[in-house]
Structure formats: structure tokens, C-alpha cells
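Shown next, in C-alpha cells, is the structure this report addresses.
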Amino acid sequence: MSETPSVRLDIWLWRARFFKTRGLATDHVKRKGVRISRGGQTRRSDKAGLAISVGDVVTFGRGEHIKTIQIMDLGERRGPAEEAQALYRQLENDV
């Protein structure tokens with residue numbers, strides 16, 4: 001039985017260019033938390049090291065906006081913006 005590929009939440013948020021540094025992503029998750037939906041279950045987490053996988057839905061606040069995104073790819077690096085945008089799909093408009 002093979003394990004599902006995963007990556008730390010803070011690393012993925014940094015790779016997807018939601019935060020300029022991994023430290024900022026870590027701090028945001030610890031202070032404000034995120035909601036993760038997986039397999040029909042949603043839970044709140046403030047753990048930056050939470051393992052996320054392709055298909056998970058992540059909801060988090062950025063300034064005055066709420067982002068709800070589905071993870072499409074884990075990525076291997078923090079690349080250019082075009083590469084970063086291919087890592088996720090926006091599910092709802094910013095609120």
C-alpha cells in the first residue's frame with residue numbers, strides 16, 4: 001500500500017505564493033488557523049506542519065479576503081507566479 005504524497009501546509013502556501021516567506025506562512029497558520037476539507041470532513045487547524053495532499057480544500061483569510069482553494073499539485077519548488085498558480089484552483093470568489 002503506497003502512501004499518498006503530501007507536503008507541509010506552510011511550505012505549500014509559500015510555494016503557491018500566498019506568502020513571501022515560509023516564516024510568514026507558518027506564523028499566519030499558527031496565529032489565525034486554516035480550515036482543511038478532506039474526504040467530506042472539514043476541520044480547523046493551527047498547525048503549520050499539517051500534511052496536505054492533492055484534492056484537499058484549504059480556506060484561510062488574507063487581509064480582508066477569504067480564500068477557498070483546492071490543491072491541484074504539491075509542487076517541488078517556489079517557482080514563478082505562473083507555476084505557482086497551477087498548484088491550486090480557486091473555488092470561490094474572495095469574500
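Going through the C-alpha cells in order, the chains are called A, B, and so on, while each chain numbers its residues from 1 and the ligands are numbered from 1 in the order shown.
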Among the residues of chain A, find those DSSP assigns to strand (DSSP E or B) from the backbone and print them as a PDB file with N, CA, C and O atoms, in the first residue's frame.
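Output (out_35.pdb):
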ATOM      1  N   VAL A   7       2.690  17.304   1.608  1.00  0.00           N
ATOM      2  CA  VAL A   7       3.684  18.324   1.915  1.00  0.00           C
ATOM      3  C   VAL A   7       3.134  19.136   3.086  1.00  0.00           C
ATOM      4  O   VAL A   7       1.920  19.178   3.301  1.00  0.00           O
ATOM      5  N   ARG A   8       4.024  19.766   3.831  1.00  0.00           N
ATOM      6  CA  ARG A   8       3.603  20.617   4.944  1.00  0.00           C
ATOM      7  C   ARG A   8       2.772  21.790   4.419  1.00  0.00           C
ATOM      8  O   ARG A   8       3.084  22.357   3.365  1.00  0.00           O
ATOM      9  N   VAL A  34      -6.374  27.717   9.708  1.00  0.00           N
ATOM     10  CA  VAL A  34      -6.961  27.452   8.393  1.00  0.00           C
ATOM     11  C   VAL A  34      -8.013  26.359   8.565  1.00  0.00           C
ATOM     12  O   VAL A  34      -8.027  25.653   9.566  1.00  0.00           O
ATOM     13  N   ARG A  35      -8.875  26.236   7.566  1.00  0.00           N
ATOM     14  CA  ARG A  35      -9.800  25.101   7.525  1.00  0.00           C
ATOM     15  C   ARG A  35      -9.357  24.188   6.404  1.00  0.00           C
ATOM     16  O   ARG A  35      -9.079  24.653   5.292  1.00  0.00           O
ATOM     17  N   ILE A  36      -9.307  22.906   6.687  1.00  0.00           N
ATOM     18  CA  ILE A  36      -8.921  21.902   5.698  1.00  0.00           C
ATOM     19  C   ILE A  36     -10.103  20.963   5.509  1.00  0.00           C
ATOM     20  O   ILE A  36     -10.627  20.424   6.482  1.00  0.00           O
ATOM     21  N   SER A  37     -10.513  20.773   4.255  1.00  0.00           N
ATOM     22  CA  SER A  37     -11.578  19.818   3.934  1.00  0.00           C
ATOM     23  C   SER A  37     -10.954  18.670   3.160  1.00  0.00           C
ATOM     24  O   SER A  37     -10.278  18.878   2.154  1.00  0.00           O
ATOM     25  N   ARG A  38     -11.197  17.471   3.671  1.00  0.00           N
ATOM     26  CA  ARG A  38     -10.626  16.264   3.056  1.00  0.00           C
ATOM     27  C   ARG A  38     -11.627  15.128   3.235  1.00  0.00           C
ATOM     28  O   ARG A  38     -12.073  14.879   4.350  1.00  0.00           O
ATOM     29  N   GLN A  41     -14.887  15.758   5.188  1.00  0.00           N
ATOM     30  CA  GLN A  41     -14.795  16.264   6.556  1.00  0.00           C
ATOM     31  C   GLN A  41     -13.970  17.540   6.582  1.00  0.00           C
ATOM     32  O   GLN A  41     -12.940  17.633   5.929  1.00  0.00           O
ATOM     33  N   THR A  42     -14.446  18.524   7.340  1.00  0.00           N
ATOM     34  CA  THR A  42     -13.746  19.793   7.467  1.00  0.00           C
ATOM     35  C   THR A  42     -13.288  19.953   8.902  1.00  0.00           C
ATOM     36  O   THR A  42     -14.035  19.666   9.835  1.00  0.00           O
ATOM     37  N   ARG A  43     -12.046  20.394   9.065  1.00  0.00           N
ATOM     38  CA  ARG A  43     -11.546  20.667  10.407  1.00  0.00           C
ATOM     39  C   ARG A  43     -10.676  21.917  10.375  1.00  0.00           C
ATOM     40  O   ARG A  43     -10.118  22.270   9.344  1.00  0.00           O
ATOM     41  N   ARG A  44     -10.585  22.542  11.526  1.00  0.00           N
ATOM     42  CA  ARG A  44      -9.762  23.739  11.671  1.00  0.00           C
ATOM     43  C   ARG A  44      -8.415  23.306  12.231  1.00  0.00           C
ATOM     44  O   ARG A  44      -8.339  22.403  13.060  1.00  0.00           O
ATOM     45  N   SER A  45      -7.354  23.963  11.783  1.00  0.00           N
ATOM     46  CA  SER A  45      -6.023  23.627  12.285  1.00  0.00           C
ATOM     47  C   SER A  45      -5.172  24.884  12.405  1.00  0.00           C
ATOM     48  O   SER A  45      -5.298  25.804  11.598  1.00  0.00           O
ATOM     49  N   ALA A  51       0.093  17.889   7.196  1.00  0.00           N
ATOM     50  CA  ALA A  51       0.330  17.327   5.860  1.00  0.00           C
ATOM     51  C   ALA A  51      -0.915  17.515   5.000  1.00  0.00           C
ATOM     52  O   ALA A  51      -2.015  17.140   5.404  1.00  0.00           O
ATOM     53  N   ILE A  52      -0.731  18.119   3.834  1.00  0.00           N
ATOM     54  CA  ILE A  52      -1.833  18.292   2.897  1.00  0.00           C
ATOM     55  C   ILE A  52      -1.508  17.532   1.611  1.00  0.00           C
ATOM     56  O   ILE A  52      -0.344  17.301   1.288  1.00  0.00           O
ATOM     57  N   VAL A  57      -9.092  20.813   0.244  1.00  0.00           N
ATOM     58  CA  VAL A  57      -9.588  22.175   0.082  1.00  0.00           C
ATOM     59  C   VAL A  57      -9.144  22.961   1.306  1.00  0.00           C
ATOM     60  O   VAL A  57      -9.367  22.550   2.443  1.00  0.00           O
ATOM     61  N   VAL A  58      -8.494  24.095   1.063  1.00  0.00           N
ATOM     62  CA  VAL A  58      -7.948  24.929   2.133  1.00  0.00           C
ATOM     63  C   VAL A  58      -8.674  26.269   2.111  1.00  0.00           C
ATOM     64  O   VAL A  58      -8.801  26.885   1.052  1.00  0.00           O
ATOM     65  N   THR A  59      -9.134  26.704   3.282  1.00  0.00           N
ATOM     66  CA  THR A  59      -9.788  28.005   3.416  1.00  0.00           C
ATOM     67  C   THR A  59      -9.029  28.805   4.463  1.00  0.00           C
ATOM     68  O   THR A  59      -8.786  28.305   5.569  1.00  0.00           O
ATOM     69  N   PHE A  60      -8.641  30.023   4.104  1.00  0.00           N
ATOM     70  CA  PHE A  60      -7.900  30.862   5.040  1.00  0.00           C
ATOM     71  C   PHE A  60      -8.117  32.331   4.695  1.00  0.00           C
ATOM     72  O   PHE A  60      -8.471  32.672   3.580  1.00  0.00           O
ATOM     73  N   GLY A  61      -7.918  33.171   5.684  1.00  0.00           N
ATOM     74  CA  GLY A  61      -8.069  34.605   5.489  1.00  0.00           C
ATOM     75  C   GLY A  61      -6.764  35.235   5.038  1.00  0.00           C
ATOM     76  O   GLY A  61      -5.690  34.841   5.477  1.00  0.00           O
ATOM     77  N   ARG A  62      -6.878  36.213   4.146  1.00  0.00           N
ATOM     78  CA  ARG A  62      -5.714  37.014   3.706  1.00  0.00           C
ATOM     79  C   ARG A  62      -6.178  38.452   3.709  1.00  0.00           C
ATOM     80  O   ARG A  62      -6.925  38.866   2.820  1.00  0.00           O
ATOM     81  N   HIS A  65      -9.880  39.434   2.876  1.00  0.00           N
ATOM     82  CA  HIS A  65     -10.447  38.433   1.977  1.00  0.00           C
ATOM     83  C   HIS A  65     -10.332  37.031   2.548  1.00  0.00           C
ATOM     84  O   HIS A  65      -9.429  36.738   3.320  1.00  0.00           O
ATOM     85  N   ILE A  66     -11.257  36.168   2.131  1.00  0.00           N
ATOM     86  CA  ILE A  66     -11.195  34.755   2.490  1.00  0.00           C
ATOM     87  C   ILE A  66     -10.937  33.975   1.210  1.00  0.00           C
ATOM     88  O   ILE A  66     -11.653  34.142   0.216  1.00  0.00           O
ATOM     89  N   LYS A  67      -9.903  33.156   1.225  1.00  0.00           N
ATOM     90  CA  LYS A  67      -9.536  32.341   0.072  1.00  0.00           C
ATOM     91  C   LYS A  67     -10.001  30.907   0.311  1.00  0.00           C
ATOM     92  O   LYS A  67      -9.753  30.333   1.374  1.00  0.00           O
ATOM     93  N   THR A  68     -10.668  30.323  -0.676  1.00  0.00           N
ATOM     94  CA  THR A  68     -11.029  28.912  -0.649  1.00  0.00           C
ATOM     95  C   THR A  68     -10.461  28.306  -1.922  1.00  0.00           C
ATOM     96  O   THR A  68     -10.880  28.667  -3.025  1.00  0.00           O
ATOM     97  N   ILE A  69      -9.497  27.420  -1.744  1.00  0.00           N
ATOM     98  CA  ILE A  69      -8.789  26.865  -2.887  1.00  0.00           C
ATOM     99  C   ILE A  69      -8.683  25.351  -2.784  1.00  0.00           C
ATOM    100  O   ILE A  69      -8.653  24.793  -1.688  1.00  0.00           O
ATOM    101  N   GLN A  70      -8.656  24.699  -3.930  1.00  0.00           N
ATOM    102  CA  GLN A  70      -8.431  23.253  -3.972  1.00  0.00           C
ATOM    103  C   GLN A  70      -7.010  23.011  -4.450  1.00  0.00           C
ATOM    104  O   GLN A  70      -6.561  23.625  -5.427  1.00  0.00           O
ATOM    105  N   ILE A  71      -6.319  22.135  -3.773  1.00  0.00           N
ATOM    106  CA  ILE A  71      -4.932  21.827  -4.122  1.00  0.00           C
ATOM    107  C   ILE A  71      -4.924  20.897  -5.325  1.00  0.00           C
ATOM    108  O   ILE A  71      -5.495  19.812  -5.296  1.00  0.00           O
ATOM    109  N   TYR A  88      -3.057  25.315  -7.608  1.00  0.00           N
ATOM    110  CA  TYR A  88      -4.369  25.362  -6.974  1.00  0.00           C
ATOM    111  C   TYR A  88      -5.436  25.864  -7.938  1.00  0.00           C
ATOM    112  O   TYR A  88      -5.149  26.396  -8.999  1.00  0.00           O
ATOM    113  N   ARG A  89      -6.685  25.659  -7.511  1.00  0.00           N
ATOM    114  CA  ARG A  89      -7.843  26.158  -8.249  1.00  0.00           C
ATOM    115  C   ARG A  89      -8.704  26.920  -7.253  1.00  0.00           C
ATOM    116  O   ARG A  89      -9.048  26.389  -6.202  1.00  0.00           O
ATOM    117  N   GLN A  90      -9.019  28.163  -7.575  1.00  0.00           N
ATOM    118  CA  GLN A  90      -9.860  28.996  -6.713  1.00  0.00           C
ATOM    119  C   GLN A  90     -11.282  28.471  -6.788  1.00  0.00           C
ATOM    120  O   GLN A  90     -11.837  28.302  -7.868  1.00  0.00           O
TER     121      GLN A  90
END
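Using only C-alpha atoms, the residues found no farther than 10 Å from A:Ser6, other than those of its own chain fewer than 4 positions away, are Trp12, Leu50, Ala51, Ile52, Ser53, Val54, Asp73 and Leu74 of chain A.
Within chain A, the backbone-based DSSP assignment of alpha helix (DSSP H) covers A:Leu9, A:Asp10, A:Ile11, A:Trp12, A:Leu13, A:Trp14, A:Arg15, A:Arg22, A:Gly23, A:Leu24, A:Ala25, A:Thr26, A:Asp27, A:His28, A:Val29, A:Lys30, A:Arg31, A:Lys32, A:Ala81, A:Glu82, A:Glu83, A:Ala84, A:Gln85.
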Exercise for the section: Would you kindly return, as number ranges by chain, each protein, DNA or RNA residue with an atom no farther than 8 Å from any atom of stretch 18-32 of chain A, considering only C-alpha atoms and excluding same-chain residues fewer than 2 positions away? Expected result: A: 10-11, 13-16, 34, 45-48, 61
Residues from the last selection, N, CA, C and O atoms, saved as a PDB file, in the first residue's frame:
ATOM      1  N   ASP A  10       2.539  24.910   5.503  1.00  0.00           N
ATOM      2  CA  ASP A  10       3.270  26.176   5.373  1.00  0.00           C
ATOM      3  C   ASP A  10       4.160  26.200   4.134  1.00  0.00           C
ATOM      4  O   ASP A  10       4.246  27.213   3.441  1.00  0.00           O
ATOM      5  N   ILE A  11       4.776  25.080   3.819  1.00  0.00           N
ATOM      6  CA  ILE A  11       5.620  25.006   2.621  1.00  0.00           C
ATOM      7  C   ILE A  11       4.761  25.184   1.365  1.00  0.00           C
ATOM      8  O   ILE A  11       5.122  25.919   0.448  1.00  0.00           O
ATOM      9  N   LEU A  13       1.802  26.711   1.062  1.00  0.00           N
ATOM     10  CA  LEU A  13       1.316  28.097   0.961  1.00  0.00           C
ATOM     11  C   LEU A  13       2.411  29.028   0.440  1.00  0.00           C
ATOM     12  O   LEU A  13       2.143  29.949  -0.330  1.00  0.00           O
ATOM     13  N   TRP A  14       3.640  28.770   0.833  1.00  0.00           N
ATOM     14  CA  TRP A  14       4.785  29.555   0.347  1.00  0.00           C
ATOM     15  C   TRP A  14       5.045  29.257  -1.133  1.00  0.00           C
ATOM     16  O   TRP A  14       5.207  30.172  -1.938  1.00  0.00           O
ATOM     17  N   ARG A  15       5.050  27.967  -1.506  1.00  0.00           N
ATOM     18  CA  ARG A  15       5.268  27.597  -2.913  1.00  0.00           C
ATOM     19  C   ARG A  15       4.198  28.185  -3.823  1.00  0.00           C
ATOM     20  O   ARG A  15       4.478  28.564  -4.959  1.00  0.00           O
ATOM     21  N   ALA A  16       2.958  28.230  -3.338  1.00  0.00           N
ATOM     22  CA  ALA A  16       1.838  28.735  -4.131  1.00  0.00           C
ATOM     23  C   ALA A  16       1.794  30.265  -4.126  1.00  0.00           C
ATOM     24  O   ALA A  16       0.888  30.859  -4.701  1.00  0.00           O
ATOM     25  N   VAL A  34      -6.374  27.717   9.708  1.00  0.00           N
ATOM     26  CA  VAL A  34      -6.961  27.452   8.393  1.00  0.00           C
ATOM     27  C   VAL A  34      -8.013  26.359   8.565  1.00  0.00           C
ATOM     28  O   VAL A  34      -8.027  25.653   9.566  1.00  0.00           O
ATOM     29  N   SER A  45      -7.354  23.963  11.783  1.00  0.00           N
ATOM     30  CA  SER A  45      -6.023  23.627  12.285  1.00  0.00           C
ATOM     31  C   SER A  45      -5.172  24.884  12.405  1.00  0.00           C
ATOM     32  O   SER A  45      -5.298  25.804  11.598  1.00  0.00           O
ATOM     33  N   ASP A  46      -4.315  24.886  13.420  1.00  0.00           N
ATOM     34  CA  ASP A  46      -3.332  25.961  13.563  1.00  0.00           C
ATOM     35  C   ASP A  46      -1.921  25.377  13.531  1.00  0.00           C
ATOM     36  O   ASP A  46      -0.977  25.964  14.012  1.00  0.00           O
ATOM     37  N   LYS A  47      -1.795  24.200  12.923  1.00  0.00           N
ATOM     38  CA  LYS A  47      -0.505  23.521  12.828  1.00  0.00           C
ATOM     39  C   LYS A  47       0.085  23.709  11.433  1.00  0.00           C
ATOM     40  O   LYS A  47      -0.433  23.177  10.453  1.00  0.00           O
ATOM     41  N   ALA A  48       1.181  24.450  11.367  1.00  0.00           N
ATOM     42  CA  ALA A  48       1.829  24.731  10.082  1.00  0.00           C
ATOM     43  C   ALA A  48       2.399  23.468   9.449  1.00  0.00           C
ATOM     44  O   ALA A  48       2.558  23.393   8.240  1.00  0.00           O
ATOM     45  N   GLY A  61      -7.918  33.171   5.684  1.00  0.00           N
ATOM     46  CA  GLY A  61      -8.069  34.605   5.489  1.00  0.00           C
ATOM     47  C   GLY A  61      -6.764  35.235   5.038  1.00  0.00           C
ATOM     48  O   GLY A  61      -5.690  34.841   5.477  1.00  0.00           O
TER      49      GLY A  61
END
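The nearest approach to A:Glu76 among the residues A:Gly55, A:Pro5, A:Gly49, A:Gly63, with only C-alpha atoms taken into account, belongs to A:Pro5.
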Completion exercise
A straight line from atom CA of A:Leu9 to atom CA of A:Ala86 spans 16.5 Å
Problem - Between atom CA of A:Glu64 and atom CA of A:Gly40, distance in Å (one decimal) - result: 26.9 Å
